[in-house]
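> Here it is, the structure, as C-alpha cells.
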Amino acid sequence: MKKIASILFLLILVLPMYNCGVKDKNTSSNPNYTFKKGDPYGIGKWYMGREIANVMGFQGMNWLERPEREEEENTSKLILNMDIKPDDTIADIGAGSGYHVFKMAPIAKDGLIYAVDIQEEMLTEIRKTKENGPSKNVSIIKSTEKSVHLPENSVDKVLMVDVYHEFNYPIEMLASIHKALRKDGRLYLIEYRGEDGSVPIKKIHKMTASQAVRELKAAGMKLERNIDNLPWQHCMVFKKI
C-alpha cells in the first residue's frame with residue numbers, strides 16, 4: 001500500500017502547490033524565452049521547445065523524506081555515482097529538505113556542502129537538521145530565480161535532483177552555476193526519464209536526455225556520460241567547458 005500511495009503522490013505531484021513562476025511575457029526581456037498556453041501544470045513559459053513546470057512547494061516536504069524514496073530512486077546508488085571525495089565542495093541546487101545534503105556531508109567530511117534553495121521553509125528545515133545532527137560542514141544559501149548566489153570557481157560538483165525542469169530562468173541559472181563551478185567541475189543532473197512512459201509522473205516533470213543535452217550545451221556544459229543505473233531517473237554527468 002505504501003508503494004501505491006507513493007506512486008499516486010507522484011502522479012499528483014505537479015499540482016501548483018507553490019508557484020513562483022513567471023507567466024507574463026513582459027517580465028522577461030530574453031528573446032530565448034517564449035510564452036504560450038501549454039500544459040495545465042506548466043507556467044506558460046518555454047525554453048528550447050520545453051515548457052517550464054510549476055515548482056513543487058514546501059508543502060511536499062514530507063514526500064521528499066518518504067521512507068520509500070530509497071527503493072523508488074536508489075538514492076544510495078546516486079551518491080555512489082558522484083564519486084565524492086573527502087575534500088569535495090558540492091552544491092545541492094534545489095536542496096529541498098536536505099535529503100541528499102545530509103547523505104553527502106559525512107562523505108565530504110573535510111569539504112563543504114552548499115545547501116541551496118529558493119524557499120525559506122526548506123532552508124529552515126535544513127537548519128534544524130544541521131543543528132540537531134553531527135554534520136556541520138553544511139552552508140545554507142538562499143538562491144533567487146536567476147542566481148545560485150555561490151562564489152565564482154568555488155565548487156567541484158553540483159547536484160540537481162528533479163529541479164532543473166522547474167527553473168523559471170534556466171539560462172540565467174545555468175550561467176550562475178557555470179560560474180560557480182571550478183575548472184573541469186562536474187554537474188550531476190538527475191531528472192525523471194522523459195523517454196519512459198512507465199515512469200509514474202506527469203510528462204512536464206520529466207526530461208529527455210536529448211533535451212537536457214541541448215540546453216546544457218548552450219550553457220557551456222558537455223555531456224560526459226549518462227549513468228543508466230537508477231530506476232526512474234537519468235543520471236547525466238556534465239563537464240564544464
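All residue names refer to the C-alpha cells as shown: chains lettered A, B, ... in order, residues numbered from 1 in each chain, ligands numbered from 1 in order.
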Check which residues of range 18-94 of chain A sit at most 10 Å from range 105-128 of chain A using only C-alpha atoms, and return one row each with the closest pair of atoms and their distance in Å to one decimal, ordered by chain and rising number, as a Markdown table.


```
| residue | atom | partner | partner_atom | distance |
| --- | --- | --- | --- | --- |
| A:Tyr18 | CA | A:Gln119 | CA | 9.6 |
| A:Cys20 | CA | A:Ile118 | CA | 9.5 |
| A:Gly57 | CA | A:Gln119 | CA | 7.9 |
| A:Phe58 | CA | A:Met122 | CA | 6.2 |
| A:Gln59 | CA | A:Glu121 | CA | 9.2 |
| A:Met61 | CA | A:Met122 | CA | 7.7 |
| A:Ile79 | CA | A:Ile107 | CA | 9.5 |
| A:Asp83 | CA | A:Ile107 | CA | 9.7 |
| A:Ile84 | CA | A:Ala108 | CA | 6.5 |
| A:Lys85 | CA | A:Ala108 | CA | 5.8 |
| A:Pro86 | CA | A:Ala108 | CA | 4.0 |
| A:Asp87 | CA | A:Gly111 | CA | 4.0 |
| A:Asp88 | CA | A:Gly111 | CA | 4.9 |
| A:Thr89 | CA | A:Leu112 | CA | 4.7 |
| A:Ile90 | CA | A:Ile113 | CA | 4.9 |
| A:Ala91 | CA | A:Tyr114 | CA | 4.5 |
| A:Asp92 | CA | A:Ala115 | CA | 5.3 |
| A:Ile93 | CA | A:Val116 | CA | 4.9 |
| A:Gly94 | CA | A:Asp117 | CA | 4.6 |
```

> Output C-alpha atoms for every residue in that selection, as an mmCIF file, in the first residue's frame.


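Produced file again-v5.cif, reproduced below:
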```
data_model
loop_
_atom_site.group_PDB
_atom_site.id
_atom_site.type_symbol
_atom_site.label_atom_id
_atom_site.label_comp_id
_atom_site.auth_asym_id
_atom_site.auth_seq_id
_atom_site.Cartn_x
_atom_site.Cartn_y
_atom_site.Cartn_z
ATOM 1 C CA TYR A 18 3.775 26.800 -4.679
ATOM 2 C CA CYS A 20 6.956 31.495 -8.089
ATOM 3 C CA GLY A 57 6.376 23.775 -2.905
ATOM 4 C CA PHE A 58 7.421 23.193 0.662
ATOM 5 C CA GLN A 59 4.038 21.559 1.259
ATOM 6 C CA MET A 61 8.409 18.254 2.111
ATOM 7 C CA ILE A 79 25.502 9.167 -4.186
ATOM 8 C CA ASP A 83 32.351 9.589 -6.561
ATOM 9 C CA ILE A 84 32.523 12.079 -3.690
ATOM 10 C CA LYS A 85 35.998 12.794 -2.303
ATOM 11 C CA PRO A 86 36.617 13.729 1.358
ATOM 12 C CA ASP A 87 37.627 17.281 0.438
ATOM 13 C CA ASP A 88 34.991 17.957 -2.219
ATOM 14 C CA THR A 89 32.961 21.153 -2.228
ATOM 15 C CA ILE A 90 29.499 20.290 -3.533
ATOM 16 C CA ALA A 91 26.419 22.415 -4.168
ATOM 17 C CA ASP A 92 22.980 20.801 -3.958
ATOM 18 C CA ILE A 93 20.835 23.183 -6.013
ATOM 19 C CA GLY A 94 17.182 22.924 -5.083
#
```

> From a DSSP calculation on the backbone, collect every residue of range 38-219 of chain A in alpha helix (DSSP H) and output the set as a ChimeraX atom specification.

/A:61-64,69-73,75-81,101-104,120-132,170-180,209-218

> Looking at only C-alpha atoms, which of A:Tyr164, A:Phe238, A:Trp46, A:Tyr192 is the one that sits closest to Ala95 in chain A?

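Looking only at the distances to Ala95 in chain A, the closest residue turns out to be A:Tyr164.
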
> Compile the contact shell of Gly42 in chain A as a list in words: residues with an atom at most 7 Å away, counting only C-alpha atoms, same-chain residues fewer than 6 positions apart removed.

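Residues meeting the cut-off are Glu51, Ile52, Ala53 and Asn54 of chain A.
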
> Can you tell me, as JSON, numbers by chain, which residues in range 17-161 of chain A count as strand (DSSP E) by DSSP?

{"A": [33, 34, 35, 42, 43, 44, 45, 46, 47, 50, 51, 52, 53, 89, 90, 91, 92, 93, 112, 113, 114, 115, 116, 117, 138, 139, 140, 141, 142, 155, 156, 157, 158, 159, 160, 161]}

> Filtering to C-alpha atoms, could you give me those residues as a CSV table (one decimal), in the first residue's frame?


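Okay, selection.csv is ready:
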```
chain,number,residue,atom,x,y,z
A,33,TYR,CA,12.0,32.5,-23.8
A,34,THR,CA,8.6,32.3,-25.5
A,35,PHE,CA,5.2,32.4,-23.9
A,42,GLY,CA,3.3,24.4,-16.6
A,43,ILE,CA,3.8,28.1,-16.3
A,44,GLY,CA,3.2,29.0,-19.9
A,45,LYS,CA,6.9,29.9,-20.5
A,46,TRP,CA,9.0,27.9,-22.9
A,47,TYR,CA,12.7,27.4,-23.5
A,50,ARG,CA,10.2,22.8,-23.5
A,51,GLU,CA,7.6,24.2,-21.2
A,52,ILE,CA,8.8,25.1,-17.7
A,53,ALA,CA,7.0,23.2,-15.0
A,89,THR,CA,33.0,21.2,-2.2
A,90,ILE,CA,29.5,20.3,-3.5
A,91,ALA,CA,26.4,22.4,-4.2
A,92,ASP,CA,23.0,20.8,-4.0
A,93,ILE,CA,20.8,23.2,-6.0
A,112,LEU,CA,31.8,21.6,2.3
A,113,ILE,CA,28.2,21.1,1.1
A,114,TYR,CA,26.2,24.1,0.0
A,115,ALA,CA,22.5,23.6,0.5
A,116,VAL,CA,20.9,26.0,-2.0
A,117,ASP,CA,17.1,26.6,-2.2
A,138,VAL,CA,26.9,22.4,5.5
A,139,SER,CA,26.5,26.0,4.4
A,140,ILE,CA,22.9,27.2,3.7
A,141,ILE,CA,22.3,29.5,0.8
A,142,LYS,CA,19.1,31.2,-0.3
A,155,VAL,CA,32.5,24.2,-6.2
A,156,ASP,CA,33.8,20.9,-7.5
A,157,LYS,CA,30.4,19.3,-8.1
A,158,VAL,CA,26.8,20.4,-8.5
A,159,LEU,CA,23.9,18.2,-7.8
A,160,MET,CA,20.4,19.0,-9.2
A,161,VAL,CA,17.7,16.3,-8.4
```

> With distances taken over only C-alpha atoms, which of A:Ser135, A:Gln211, A:Ser147, A:Thr75 is nearest to Ala175 in chain A?

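For Ala175 in chain A, the nearest of the candidates is A:Ser147.
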
> Which one of A:Gly220, A:Pro170, A:Pro231, A:Pro151 sits closest to Asp196 in chain A if you count only C-alpha atoms?

A:Pro231

> Just how far from CA of Val163 in chain A is CA of Val55 in chain A, in Å to one decimal?

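CA of Val163 in chain A lies at a distance of 8.2 Å from CA of Val55 in chain A.
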